[in-house]
Structures are given as C-alpha cells and as structure tokens.
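Dumped upload04.tsv below, it's TSV, C-alpha atoms and all ligand atoms:
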```
chain	number	residue	atom	x	y	z
A	1139	MET	CA	-28.72	31.40	-0.26
A	1140	ARG	CA	-27.10	29.21	-2.86
A	1141	ALA	CA	-23.94	28.88	-0.77
A	1142	ALA	CA	-26.02	27.90	2.23
A	1143	TRP	CA	-27.74	25.15	0.27
A	1144	TYR	CA	-24.42	23.91	-0.99
A	1145	PHE	CA	-23.19	23.75	2.58
A	1146	VAL	CA	-26.24	21.79	3.66
A	1147	LEU	CA	-25.68	19.32	0.81
A	1148	LEU	CA	-22.03	18.89	1.72
A	1149	CYS	CA	-22.94	18.18	5.32
A	1150	PHE	CA	-25.53	15.71	4.16
A	1151	ALA	CA	-23.03	13.90	1.98
A	1152	PHE	CA	-20.10	13.74	4.35
A	1153	ALA	CA	-21.14	14.16	7.96
A	1154	GLU	CA	-20.07	11.20	10.07
A	1155	ASP	CA	-23.54	10.62	11.54
A	1156	GLU	CA	-25.03	10.22	8.07
A	1157	LEU	CA	-23.05	7.04	7.49
A	1158	LYS	CA	-24.96	3.81	7.79
A	1159	LEU	CA	-23.72	1.22	10.24
A	1160	ALA	CA	-22.50	-1.77	8.23
A	1161	GLU	CA	-24.73	-4.82	8.47
A	1162	PRO	CA	-23.55	-8.43	8.68
A	1163	CYS	CA	-22.26	-9.68	5.35
A	1164	ASP	CA	-24.21	-12.29	3.38
A	1165	PRO	CA	-22.03	-13.88	0.67
A	1166	GLU	CA	-25.18	-14.65	-1.34
A	1167	VAL	CA	-25.79	-10.92	-1.67
A	1168	CYS	CA	-22.25	-9.52	-1.57
A	1169	LYS	CA	-20.60	-10.96	-4.68
A	1170	LEU	CA	-17.58	-10.38	-6.86
A	1171	PRO	CA	-16.45	-8.41	-8.72
A	1172	ASP	CA	-17.58	-5.40	-6.67
A	1173	CYS	CA	-18.36	-6.84	-3.27
A	1174	ARG	CA	-16.66	-9.40	-1.06
A	1175	CYS	CA	-17.30	-10.37	2.55
A	1176	SER	CA	-14.33	-10.45	4.90
A	1177	SER	CA	-13.28	-14.08	4.93
A	1178	THR	CA	-10.49	-16.60	4.66
A	1179	LEU	CA	-12.18	-18.33	1.70
A	1180	ILE	CA	-10.34	-18.33	-1.60
A	1181	PRO	CA	-12.03	-16.10	-4.21
A	1182	GLY	CA	-13.89	-18.05	-6.88
A	1183	ASP	CA	-13.86	-21.14	-4.62
A	1184	LEU	CA	-10.60	-22.20	-6.23
A	1185	HIS	CA	-8.59	-25.07	-4.85
A	1186	PRO	CA	-5.37	-23.76	-3.21
A	1187	ALA	CA	-3.23	-25.63	-5.76
A	1188	ARG	CA	-4.92	-23.74	-8.59
A	1189	THR	CA	-4.68	-20.35	-6.82
A	1190	PRO	CA	-1.81	-18.02	-7.75
A	1191	GLN	CA	0.25	-17.21	-4.65
A	1192	PHE	CA	0.66	-13.46	-4.85
A	1193	VAL	CA	3.51	-11.78	-2.99
A	1194	LEU	CA	2.96	-8.13	-2.07
A	1195	LEU	CA	6.29	-6.39	-1.56
A	1196	THR	CA	5.85	-2.82	-0.36
A	1197	PHE	CA	8.17	0.01	0.74
A	1198	ASP	CA	7.03	2.99	2.80
A	1199	ASP	CA	7.99	6.66	3.17
A	1200	ALA	CA	9.97	9.23	1.20
A	1201	VAL	CA	11.70	8.20	-2.04
A	1202	ALA	CA	15.13	9.84	-2.00
A	1203	VAL	CA	18.56	9.39	-3.61
A	1204	THR	CA	19.65	7.44	-0.52
A	1205	ASN	CA	17.02	4.70	-1.10
A	1206	MET	CA	17.41	4.35	-4.81
A	1207	PRO	CA	20.60	2.23	-5.04
A	1208	ASN	CA	18.92	-0.53	-3.01
A	1209	TYR	CA	15.70	-0.37	-5.03
A	1210	LYS	CA	17.70	-0.66	-8.24
A	1211	ARG	CA	19.99	-3.42	-7.07
A	1212	LEU	CA	17.32	-5.54	-5.40
A	1213	LEU	CA	14.30	-5.04	-7.67
A	1214	PHE	CA	14.99	-3.62	-11.12
A	1215	GLY	CA	14.96	-6.15	-13.97
A	1216	ARG	CA	13.48	-8.98	-11.90
A	1217	LYS	CA	10.89	-11.24	-13.51
A	1218	ASN	CA	8.33	-13.72	-12.29
A	1219	SER	CA	8.38	-17.24	-13.75
A	1220	ASN	CA	5.74	-16.18	-16.32
A	1221	GLN	CA	8.34	-13.68	-17.64
A	1222	CYS	CA	6.31	-10.67	-16.48
A	1223	PRO	CA	8.29	-8.04	-14.58
A	1224	ILE	CA	7.76	-8.22	-10.81
A	1225	GLY	CA	5.54	-5.73	-9.02
A	1226	THR	CA	6.34	-3.70	-5.93
A	1227	THR	CA	4.17	-1.01	-4.33
A	1228	PHE	CA	5.72	2.18	-2.96
A	1229	PHE	CA	3.71	4.01	-0.30
A	1230	VAL	CA	5.26	7.42	-0.71
A	1231	SER	CA	5.15	10.24	1.84
A	1232	HIS	CA	5.82	13.72	0.54
A	1233	GLU	CA	8.47	15.38	2.73
A	1234	TYR	CA	11.99	14.95	1.23
A	1235	THR	CA	10.65	12.92	-1.70
A	1236	ASN	CA	12.45	13.25	-5.01
A	1237	TYR	CA	9.78	13.19	-7.72
A	1238	GLN	CA	12.20	12.39	-10.53
A	1239	LEU	CA	12.90	9.11	-8.73
A	1240	VAL	CA	9.18	8.47	-8.21
A	1241	ASN	CA	8.80	8.88	-11.98
A	1242	GLU	CA	11.65	6.42	-12.51
A	1243	LEU	CA	10.04	3.80	-10.23
A	1244	TYR	CA	6.76	4.20	-12.10
A	1245	ASN	CA	8.48	3.76	-15.44
A	1246	GLU	CA	9.97	0.53	-14.14
A	1247	GLY	CA	6.40	-0.78	-13.78
A	1248	PHE	CA	6.11	-0.38	-10.03
A	1249	GLU	CA	3.04	0.98	-8.31
A	1250	ILE	CA	3.07	4.40	-6.68
A	1251	ALA	CA	0.64	4.72	-3.77
A	1252	LEU	CA	-0.23	7.23	-1.05
A	1253	HIS	CA	1.23	7.46	2.46
A	1254	SER	CA	0.21	11.10	3.21
A	1255	ILE	CA	1.73	14.50	2.63
A	1256	SER	CA	2.76	15.22	6.23
A	1257	HIS	CA	3.29	11.79	7.90
A	1258	MET	CA	2.66	13.93	11.02
A	1259	ASN	CA	2.25	11.81	14.17
A	1260	GLN	CA	0.07	9.02	15.47
A	1261	THR	CA	-2.32	11.14	17.56
A	1262	TYR	CA	-2.91	13.37	14.57
A	1263	PHE	CA	-3.97	10.47	12.34
A	1264	GLU	CA	-6.03	8.82	15.08
A	1265	ASN	CA	-8.11	11.99	15.31
A	1266	ALA	CA	-7.98	12.99	11.64
A	1267	ASP	CA	-11.36	13.84	10.14
A	1268	TYR	CA	-12.55	13.55	6.57
A	1269	GLU	CA	-11.31	17.02	5.54
A	1270	THR	CA	-7.86	16.45	7.04
A	1271	LEU	CA	-7.54	13.14	5.24
A	1272	MET	CA	-8.64	14.70	1.94
A	1273	ARG	CA	-5.75	17.16	2.35
A	1274	GLU	CA	-3.33	14.36	3.26
A	1275	PHE	CA	-4.22	11.80	0.58
A	1276	SER	CA	-6.49	13.11	-2.16
A	1277	ASP	CA	-4.32	16.22	-2.48
A	1278	GLN	CA	-1.23	14.01	-2.41
A	1279	ALA	CA	-2.43	12.20	-5.52
A	1280	GLU	CA	-2.69	15.59	-7.22
A	1281	LEU	CA	0.75	16.58	-5.93
A	1282	MET	CA	2.43	13.42	-7.22
A	1283	ALA	CA	0.61	13.49	-10.54
A	1284	HIS	CA	1.88	17.03	-11.05
A	1285	PHE	CA	5.48	16.79	-9.83
A	1286	ALA	CA	6.26	13.20	-10.85
A	1287	ALA	CA	4.37	13.53	-14.16
A	1288	LEU	CA	2.13	10.53	-13.48
A	1289	PRO	CA	-1.49	9.79	-14.46
A	1290	ILE	CA	-3.47	10.68	-11.34
A	1291	HIS	CA	-5.72	7.61	-11.57
A	1292	ASP	CA	-2.74	5.29	-11.29
A	1293	MET	CA	-2.42	6.24	-7.64
A	1294	GLN	CA	-5.00	3.98	-6.05
A	1295	GLY	CA	-3.64	2.67	-2.77
A	1296	VAL	CA	-3.52	4.13	0.74
A	1297	ARG	CA	-1.43	3.26	3.77
A	1298	MET	CA	-2.02	5.28	6.93
A	1299	PRO	CA	1.18	6.46	8.66
A	1300	PHE	CA	1.93	4.37	11.78
A	1301	LEU	CA	-0.89	2.07	10.55
A	1302	GLN	CA	-3.07	4.36	12.64
A	1303	MET	CA	-6.70	4.02	11.62
A	1304	ALA	CA	-9.07	6.98	11.77
A	1305	GLY	CA	-12.39	5.12	12.01
A	1306	ASN	CA	-14.61	5.60	8.99
A	1307	ALA	CA	-12.92	8.83	7.90
A	1308	SER	CA	-10.06	7.48	5.78
A	1309	PHE	CA	-12.43	5.16	3.91
A	1310	GLN	CA	-14.96	7.95	3.36
A	1311	MET	CA	-12.10	9.99	1.95
A	1312	MET	CA	-11.10	7.09	-0.32
A	1313	LYS	CA	-14.64	6.66	-1.56
A	1314	SER	CA	-15.03	10.28	-2.58
A	1315	ALA	CA	-11.47	10.55	-3.97
A	1316	GLY	CA	-11.96	7.39	-6.04
A	1317	LEU	CA	-9.15	5.49	-4.31
A	1318	TYR	CA	-9.26	1.73	-4.69
A	1319	TYR	CA	-7.74	0.00	-1.68
A	1320	ASP	CA	-6.19	0.38	1.76
A	1321	ILE	CA	-3.33	-1.66	3.26
A	1322	SER	CA	-3.15	-0.31	6.81
A	1323	MET	CA	-5.12	-2.70	9.01
A	1324	PRO	CA	-3.07	-5.45	10.66
A	1325	THR	CA	-4.73	-8.71	11.61
A	1326	ILE	CA	-3.36	-11.04	14.26
A	1327	SER	CA	-6.47	-13.25	14.45
A	1328	PHE	CA	-6.68	-14.22	10.77
A	1329	THR	CA	-3.16	-15.32	9.93
A	1330	ASN	CA	-3.60	-19.08	9.49
A	1331	PRO	CA	-5.58	-19.31	7.32
A	1332	GLY	CA	-5.08	-15.70	6.29
A	1333	MET	CA	-7.88	-13.27	5.58
A	1334	TRP	CA	-8.23	-12.39	1.90
A	1335	PRO	CA	-8.92	-8.77	0.83
A	1336	TYR	CA	-12.56	-7.68	1.04
A	1337	THR	CA	-14.81	-4.65	0.59
A	1338	LEU	CA	-16.46	-2.47	3.22
A	1339	ASP	CA	-20.01	-2.75	1.88
A	1340	TYR	CA	-20.87	-4.89	4.90
A	1341	ALA	CA	-19.49	-5.34	8.41
A	1342	SER	CA	-15.95	-6.64	8.60
A	1343	THR	CA	-15.13	-9.52	10.92
A	1344	GLN	CA	-11.46	-8.53	11.00
A	1345	ASP	CA	-9.87	-7.80	14.40
A	1346	CYS	CA	-9.10	-4.16	15.12
A	1347	VAL	CA	-5.47	-3.92	16.27
A	1348	ILE	CA	-4.98	-0.14	16.14
A	1349	PRO	CA	-8.41	1.46	16.75
A	1350	PRO	CA	-10.57	3.22	15.72
A	1351	CYS	CA	-11.47	0.91	12.80
A	1352	PRO	CA	-14.32	1.48	10.32
A	1353	THR	CA	-17.79	0.20	11.21
A	1354	ALA	CA	-19.86	2.07	8.62
A	1355	SER	CA	-20.90	0.67	5.25
A	1356	ILE	CA	-18.57	2.20	2.64
A	1357	PRO	CA	-19.37	0.35	-0.57
A	1358	GLY	CA	-16.70	-0.55	-3.08
A	1359	VAL	CA	-13.61	0.32	-1.03
A	1360	TRP	CA	-11.20	-2.60	-0.66
A	1361	VAL	CA	-9.28	-3.54	2.49
A	1362	VAL	CA	-6.15	-5.66	2.19
A	1363	PRO	CA	-5.71	-7.04	5.71
A	1364	MET	CA	-2.06	-6.87	6.81
A	1365	ILE	CA	-1.63	-10.51	7.75
A	1366	SER	CA	0.96	-10.58	10.51
A	1367	TRP	CA	4.21	-12.49	10.39
A	1368	THR	CA	5.14	-14.55	13.44
A	1369	ASP	CA	8.52	-13.79	15.00
A	1370	LEU	CA	10.97	-16.20	16.64
A	1371	GLN	CA	9.15	-15.98	19.97
A	1372	GLY	CA	5.71	-16.37	18.43
A	1373	PHE	CA	4.75	-12.69	18.57
A	1374	PRO	CA	2.90	-11.14	15.60
A	1375	CYS	CA	4.54	-8.45	13.45
A	1376	GLY	CA	2.36	-6.19	11.30
A	1377	MET	CA	5.28	-5.48	8.99
A	1378	ALA	CA	8.19	-7.79	8.21
A	1379	ASP	CA	10.64	-5.18	9.53
A	1380	SER	CA	8.79	-4.57	12.79
A	1381	CYS	CA	9.24	-7.97	14.44
A	1382	PHE	CA	10.20	-7.88	18.11
A	1383	SER	CA	12.36	-11.03	17.87
A	1384	PRO	CA	13.74	-11.34	14.34
A	1385	PRO	CA	16.87	-13.33	13.40
A	1386	ASP	CA	20.22	-11.58	13.77
A	1387	GLY	CA	20.99	-9.11	10.99
A	1388	ASN	CA	24.13	-11.07	10.07
A	1389	ASP	CA	22.44	-14.48	10.01
A	1390	GLU	CA	21.59	-15.19	6.38
A	1391	ASP	CA	20.43	-18.78	6.92
A	1392	GLY	CA	18.37	-17.80	9.94
A	1393	TRP	CA	16.70	-15.01	7.99
A	1394	PHE	CA	16.06	-17.22	4.97
A	1395	ARG	CA	14.40	-19.89	7.13
A	1396	PHE	CA	12.41	-17.18	8.93
A	1397	ILE	CA	11.07	-15.70	5.68
A	1398	VAL	CA	10.26	-19.11	4.21
A	1399	GLU	CA	8.44	-20.24	7.37
A	1400	ASN	CA	6.22	-17.17	7.22
A	1401	PHE	CA	5.74	-17.62	3.48
A	1402	GLU	CA	4.74	-21.26	3.81
A	1403	ARG	CA	1.87	-20.39	6.16
A	1404	HIS	CA	0.33	-18.79	3.04
A	1405	TYR	CA	1.71	-20.99	0.27
A	1406	LEU	CA	0.83	-24.28	1.95
A	1407	GLY	CA	-2.41	-22.81	3.31
A	1408	ASN	CA	-5.18	-20.80	1.64
A	1409	ARG	CA	-2.75	-18.73	-0.48
A	1410	ALA	CA	-3.92	-15.36	0.83
A	1411	PRO	CA	-1.47	-12.80	-0.63
A	1412	PHE	CA	1.86	-12.99	1.21
A	1413	PRO	CA	2.82	-9.65	2.74
A	1414	PHE	CA	6.44	-8.47	2.62
A	1415	TYR	CA	6.16	-4.96	4.03
A	1416	LEU	CA	9.41	-3.07	4.51
A	1417	HIS	CA	11.21	0.23	4.84
A	1418	GLU	CA	14.34	0.52	2.73
A	1419	SER	CA	16.39	1.46	5.81
A	1420	TYR	CA	15.97	-2.09	7.12
A	1421	PHE	CA	18.61	-3.24	4.63
A	1422	ARG	CA	21.24	-0.99	6.20
A	1423	ASP	CA	23.67	-2.88	8.43
A	1424	ARG	CA	21.81	-6.17	8.01
A	1425	PRO	CA	23.83	-8.05	5.38
A	1426	GLY	CA	22.33	-11.39	6.43
A	1427	PHE	CA	18.82	-10.08	5.94
A	1428	GLU	CA	19.71	-8.64	2.54
A	1429	ALA	CA	21.30	-11.88	1.34
A	1430	ALA	CA	18.29	-13.88	2.54
A	1431	PHE	CA	15.92	-11.40	0.88
A	1432	ILE	CA	17.69	-11.88	-2.47
A	1433	ARG	CA	17.71	-15.67	-2.01
A	1434	PHE	CA	13.98	-15.64	-1.26
A	1435	LEU	CA	13.17	-13.49	-4.29
A	1436	ASP	CA	15.32	-15.72	-6.51
A	1437	MET	CA	13.44	-18.72	-5.16
A	1438	ILE	CA	9.91	-17.38	-5.67
A	1439	ASN	CA	10.79	-15.90	-9.06
A	1440	SER	CA	11.54	-19.43	-10.22
A	1441	MET	CA	8.32	-20.97	-8.84
A	1442	ASN	CA	5.57	-21.34	-11.42
A	1443	ASP	CA	2.71	-20.63	-9.01
A	1444	VAL	CA	4.12	-17.58	-7.17
A	1445	PHE	CA	3.86	-14.03	-8.51
A	1446	MET	CA	5.20	-10.75	-7.15
A	1447	VAL	CA	2.64	-8.18	-8.26
A	1448	ASN	CA	1.59	-4.61	-7.59
A	1449	ALA	CA	-1.06	-4.58	-4.86
A	1450	ALA	CA	-3.69	-3.19	-7.24
A	1451	GLU	CA	-3.09	-6.17	-9.54
A	1452	ALA	CA	-3.77	-8.64	-6.74
A	1453	ILE	CA	-7.15	-6.98	-6.16
A	1454	ASP	CA	-7.86	-7.01	-9.89
A	1455	TRP	CA	-7.34	-10.78	-9.78
A	1456	ILE	CA	-9.60	-11.16	-6.73
A	1457	ARG	CA	-12.39	-9.31	-8.55
A	1458	ASN	CA	-12.10	-11.80	-11.43
A	1459	PRO	CA	-10.36	-14.86	-10.04
A	1460	VAL	CA	-8.98	-17.33	-12.59
A	1461	PRO	CA	-6.88	-20.45	-11.98
A	1462	ILE	CA	-3.11	-20.32	-12.40
A	1463	GLY	CA	-3.22	-21.99	-15.82
A	1464	GLU	CA	-5.36	-19.17	-17.15
A	1465	TYR	CA	-3.57	-16.45	-15.19
A	1466	ILE	CA	-0.17	-17.19	-16.71
A	1467	ASN	CA	-1.60	-16.78	-20.21
A	1468	GLN	CA	-2.79	-13.25	-19.48
A	1469	PRO	CA	-0.63	-10.43	-20.85
A	1470	CYS	CA	1.82	-8.72	-18.50
A	1471	ARG	CA	0.74	-5.38	-17.04
A	1472	PHE	CA	0.60	-2.60	-19.58
A	1473	PHE	CA	1.43	1.01	-18.84
A	1474	MET	CA	2.67	4.04	-20.73
A	1475	GLN	CA	6.10	5.40	-19.94
A	1476	GLN	CA	5.76	8.89	-18.48
A	1477	ARG	CA	8.36	11.36	-19.61
A	1478	CYS	CA	10.08	13.48	-16.95
A	1479	ARG	CA	11.24	17.01	-17.77
A	1480	PRO	CA	13.63	17.37	-14.87
A	1481	SER	CA	13.84	20.45	-12.70
A	1482	VAL	CA	15.53	21.01	-9.36
A	1483	CYS	CA	13.57	23.45	-7.23
A	1484	GLY	CA	14.85	25.47	-4.32
A	1485	PRO	CA	15.52	26.86	-1.92
A	1486	LEU	CA	11.79	26.74	-1.13
A	1487	THR	CA	10.20	28.04	2.02
A	1488	ALA	CA	7.70	25.75	3.75
A	1489	PRO	CA	4.79	26.56	6.06
A	1490	HIS	CA	5.57	23.83	8.61
A	1491	LYS	CA	9.30	24.33	9.22
A	1492	THR	CA	11.85	27.12	9.09
A	1493	GLU	CA	14.12	24.80	7.09
A	1494	LEU	CA	14.47	25.52	3.36
A	1495	PHE	CA	13.68	22.66	0.98
A	1496	TRP	CA	15.10	21.46	-2.32
A	1497	MET	CA	12.84	19.33	-4.44
A	1498	ALA	CA	13.62	17.41	-7.64
A	1499	ALA	CA	10.58	17.35	-9.92
A	1500	CYS	CA	9.38	16.62	-13.45
A	1501	ASN	CA	7.55	19.90	-13.90
A	1502	THR	CA	7.99	23.62	-13.51
A	1503	CYS	CA	9.03	24.59	-10.01
A	1504	PRO	CA	6.49	25.58	-7.34
A	1505	ARG	CA	6.69	28.96	-5.60
A	1506	THR	CA	6.81	27.41	-2.12
A	1507	TYR	CA	7.32	23.87	-0.84
A	1508	PRO	CA	4.09	21.91	-1.50
A	1509	TRP	CA	2.24	21.16	1.74
A	1510	LEU	CA	-1.17	20.58	3.29
A	1511	GLY	CA	-3.78	22.84	1.71
A	1512	ASN	CA	-1.36	23.86	-1.06
A	1513	PRO	CA	-0.28	20.63	-2.78
A	1514	LEU	CA	1.00	22.42	-5.90
A	1515	GLY	CA	2.99	24.97	-3.90
A	1516	VAL	CA	1.46	27.96	-5.71
B	1601	LIG	C1	-18.51	4.97	11.85
B	1601	LIG	O1	-19.83	5.09	11.38
B	1601	LIG	C2	-20.78	4.33	12.12
B	1601	LIG	C3	-22.12	4.43	11.41
B	1601	LIG	O2	-22.53	5.76	11.30
B	1601	LIG	C4	-20.81	4.85	13.56
B	1601	LIG	O3	-21.71	4.08	14.32
B	1601	LIG	C5	-19.41	4.78	14.15
B	1601	LIG	O4	-19.39	5.35	15.43
B	1601	LIG	C6	-18.42	5.49	13.27
B	1601	LIG	N1	-17.07	5.27	13.78
B	1601	LIG	C7	-16.29	6.25	14.19
B	1601	LIG	C8	-14.99	5.87	14.80
B	1601	LIG	O5	-16.59	7.42	14.07
B	1602	LIG	C1	1.09	15.88	16.64
B	1602	LIG	O1	0.86	16.84	15.61
B	1602	LIG	C2	-0.06	17.84	15.99
B	1602	LIG	C3	-0.38	18.66	14.76
B	1602	LIG	O2	0.78	19.12	14.16
B	1602	LIG	C4	0.53	18.65	17.12
B	1602	LIG	O3	-0.36	19.68	17.52
B	1602	LIG	C5	0.80	17.72	18.31
B	1602	LIG	O4	1.46	18.42	19.34
B	1602	LIG	C6	1.65	16.54	17.87
B	1602	LIG	N1	1.66	15.56	18.95
B	1602	LIG	C7	2.76	14.92	19.32
B	1602	LIG	C8	2.58	13.91	20.41
B	1602	LIG	O5	3.85	15.15	18.82
B	1603	ZN	ZN	5.60	5.63	7.20
```

What does the file become when written as structure tokens?
Amino acid sequence: MRAAWYFVLLCFAFAEDELKLAEPCDPEVCKLPDCRCSSTLIPGDLHPARTPQFVLLTFDDAVAVTNMPNYKRLLFGRKNSNQCPIGTTFFVSHEYTNYQLVNELYNEGFEIALHSISHMNQTYFENADYETLMREFSDQAELMAHFAALPIHDMQGVRMPFLQMAGNASFQMMKSAGLYYDISMPTISFTNPGMWPYTLDYASTQDCVIPPCPTASIPGVWVVPMISWTDLQGFPCGMADSCFSPPDGNDEDGWFRFIVENFERHYLGNRAPFPFYLHESYFRDRPGFEAAFIRFLDMINSMNDVFMVNAAEAIDWIRNPVPIGEYINQPCRFFMQQRCRPSVCGPLTAPHKTELFWMAACNTCPRTYPWLGNPLGV
C-alpha cells in the first residue's frame, strides 16, 4: 500500500504530462537574480562599455593522459588582466576518463561539468527520458565526486552529447538533481546581437536547432545559448571546432583574424558571453590554429574588460550584474584544494563491452567498471 502511494507520488512529480506549458515571459514579473527572460538585452541594463566581456572556453569528452599536455601548456598559469586565474569548463564524459587528472584540473581552478556517463549515440539522447538522463548525469556527478574526490555540488553544468536535446527531460532531470545550467542549445538566429543566458521559468524565444527543445516551465534552470560562430562562407558553427569552412590548419594569421572577427561580434556588440567551444583533438595537426589560439588568449588576457571565466561564474555575474569597475574589485574565485589519494584500478570488467578497463582514481578501486545504473562500480 505504502509502496503504491509512493509510486503514485513519483508519477505525479515527474510524469511528462504533469509539466506546465511555459507561458510568454514578462520581464516585469521574471526578474533577476532567479528569473530571466530569453533576450539579447544586457543584464542590469548596463551599457556595453561597462559590461564585462566574458569568454567561455570549454572542452568536451574524456579527460585522459593524451589530452593533458595540451591543457597544461595552453591553459595552466594563465591570468586575466585583473590577476585572477582564467576559467575553463570541462564537460567530461566517463568512458576512458582518468579521474586523477580530473582532480588536477579542478585543483587548477577549472570547472568540472557533466557530459554523460555513456556518450552513447544521438538517437539515444534524442529519445532519452527523465530516468535515463538521471542515470547519465545525476549519477555521473556522484561518480566524479567519488572517484575524482570532488565536492559533488561543484558539478553544476550539463552539455548533452552531440548537442542533442531531449525535450523537457534533461531540464527536469537538472531541476531535481540540483544542476545549475545547460550549454547544449545552439542558436543561429540570435548571434548579432547574441542571446544572453536565461531561465526556463517562462517560454524561450530561442530557435530550436536540434529538436526536441524544452517547452515546459522549469523554474530556476539556466540555459546558456550556444551562440554560433560564422565560418568563412557565412555558415553558422555551433562549436568553434565544427565549422564547415574554417581557415587552413597551418594558417596562423588566417585563424587569428577568424577568431577575432567572431569575438568582435560580441565585444563590439552587446557583450553576450563569447563562446570558444572545443575538443582537445582539434589542436592536433593544426599548428596554425594552435598559434592563433595562444595569440588570442594572450590578447584577451591583457584587455582590462575581457575575462575568461568558468561558465558557472558567468551566470553568477548575470544573477547579480555589476559594472566592470566593481567587478574587477571582487575577489578571485575561491575553492578548496581537493587531495587525491591515487589508485590505479584494473583490469575491470564492464557491462557494455567485452573490453577490460583500467581506471586511474582518487579513491579505493571499484569492483567493476562504473557504468549506467552502477556509478560507483560496486
Ligand atoms: C514538454 O512539456 C510540455 C508541457 O507539458 C508539452 O506540451 C511538450 O509536449 C513537452 N515536450 C516534449 C518534447 O515532450
Ligand atoms: C544507439 O544506442 C542504442 C542503445 O545502446 C542502441 O540500441 C542503438 O542501436 C544505437 N543506435 C545507433 C544508430 O547506433
Ligand atoms: Zn562529446
């Protein structure tokens, strides 16, 4: 009897048809810090010249020994002009990830975010329901907290694999798992001026590039629209490394101009956060791109109104927008170093493959390779 009632309550809380359709957003009702309508307006009605230009650098997928030399060389030790260490957000997927390295990235001040346990395939995520997404993301936060020795509440961001939306389901999952923001939804209609991040309390006016997109009211969950870059032929690219017509990989000057042109659409416009979304593999065999990337970072790190921050920090600013002069007097991000007690685990059997896995961790070893439904590998 009790179990039956519990089941009824669960259905009531989570069933898709219980969600309310989002109503049009009225900025007089939906106000910061907890609510924001989708819009290209600058938070706090600031003048662009007084608005910090945030740069959101992100890297996706597994964190492994092969990626680490580039992360170290390109990012470690870099500072913004206000002398605060730069931010970068890593959307980590589980398979082949080395959790000692995740711990190291965290201790460098970077943000660790969620990109699913399985990274399965596009059809799977398109059709994923609430329960599936809880196993992919909420369980992943638990997995990373355990094996990378991180505070679980520091994992706040979600990026869907393949940028494949699952309607309301991923946002419902975020709401009940206490996750803060999503960066998975490209926009090609709101690039100039760019759409600033907003909440899903009310109906979004953002274009839906990879349906199904959310239409329900899911209060308090933030969406960071992925403002497209424009490639050399004028086509939009959802991620900087997915352009159809980019400059040649050996052409440093071409790449530098290309990055700056895309940057200036933001910097000389409404200063919506500038997206620089990459996979580490894009640096391989593209020396011109890498040189231009370093040149661009050197340039923005010397500008007194541009700040590379963790994505969660950009949203923190949006919730309480202050002009640059005030922003630069705020303390740099604070976090506690998290000690890793290293272990190398394996060979581990896995439920999804016959292959045996080795996993570097900061905790006692699991019995089997962590996977969907068994994130601690017990
Ligand atoms: C999202 O929820 C709304 C409101 O219940 C519903 O009308 C819509 O069909 C849902 N979207 C999907 C893709 O399930
Ligand atoms: C996607 O993954 C699902 C679940 O593992 C599987 O059943 C399906 O065959 C896969 N589809 C493709 C196109 O690979
Ligand atoms: Zn990915």

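Comparing the minimum interatomic distances between ligand LIG 1602 (chain B) and each of A:Ala1315, A:Ala1266, A:Ala1378, A:Ala1279, counting all atoms listed in the file, we find that A:Ala1266 sits nearest.
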
Restricting to all atoms listed in the file, whichever of A:Phe1414, A:Glu1156, A:Ala1449, A:Gln1260 is closest to ligand LIG 1602 (chain B) is A:Gln1260

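Residue nearest Tyr1465 (chain A), chosen from A:Leu1514, A:Cys1483, A:Ala1202, A:Val1444 and counting all atoms listed in the file: A:Val1444.
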
Residues near Cys1163 (chain A), anyone? I mean within 7 Å using all atoms listed in the file, not counting same-chain ones fewer than 5 positions away, as a list of chain:residue names.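 Surrounding residues, per the criterion: A:Cys1168, A:Cys1175, A:Tyr1340, A:Ala1341.
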
Residues within 9 Å of ligand ZN 1603 (chain B) should be enumerated using all atoms listed in the file and returned as a PyMOL selection string. chain A and resi 1197-1200+1229-1231+1253-1254+1257+1297-1301+1417

May I ask for the distance between CA of Asp1391 (chain A) and CA of Pro1425 (chain A), given in Å to one decimal place?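 Rounded to one decimal, the two atoms are 11.4 Å apart.
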
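Counting from CA of Trp1334 (chain A), the distance to CA of His1185 (chain A) is 14.4 Å.
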
Find the residues near Gln1371 (chain A): any atom within 9 Å, counting only C-alpha atoms, skip ones fewer than 3 places away on the same chain, and give them as an NGL selection string. :A and (1368 or 1382-1384)

Could you save the residues just selected, with C-alpha atoms, as a short mmCIF file (atom, residue, chain, number, x, y, z; two decimals), in the coordinates of the input?
```cif
data_model
loop_
_atom_site.label_atom_id
_atom_site.label_comp_id
_atom_site.auth_asym_id
_atom_site.auth_seq_id
_atom_site.Cartn_x
_atom_site.Cartn_y
_atom_site.Cartn_z
CA THR A 1368 5.14 -14.55 13.44
CA PHE A 1382 10.20 -7.88 18.11
CA SER A 1383 12.36 -11.03 17.87
CA PRO A 1384 13.74 -11.34 14.34
#
```

For Pro1513 (chain A), which residue out of A:Val1359, A:Val1482, A:Met1258, A:Met1282 is the nearest one, using all atoms listed in the file?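 Answer, going by the shortest atom-to-atom distance: A:Met1282.
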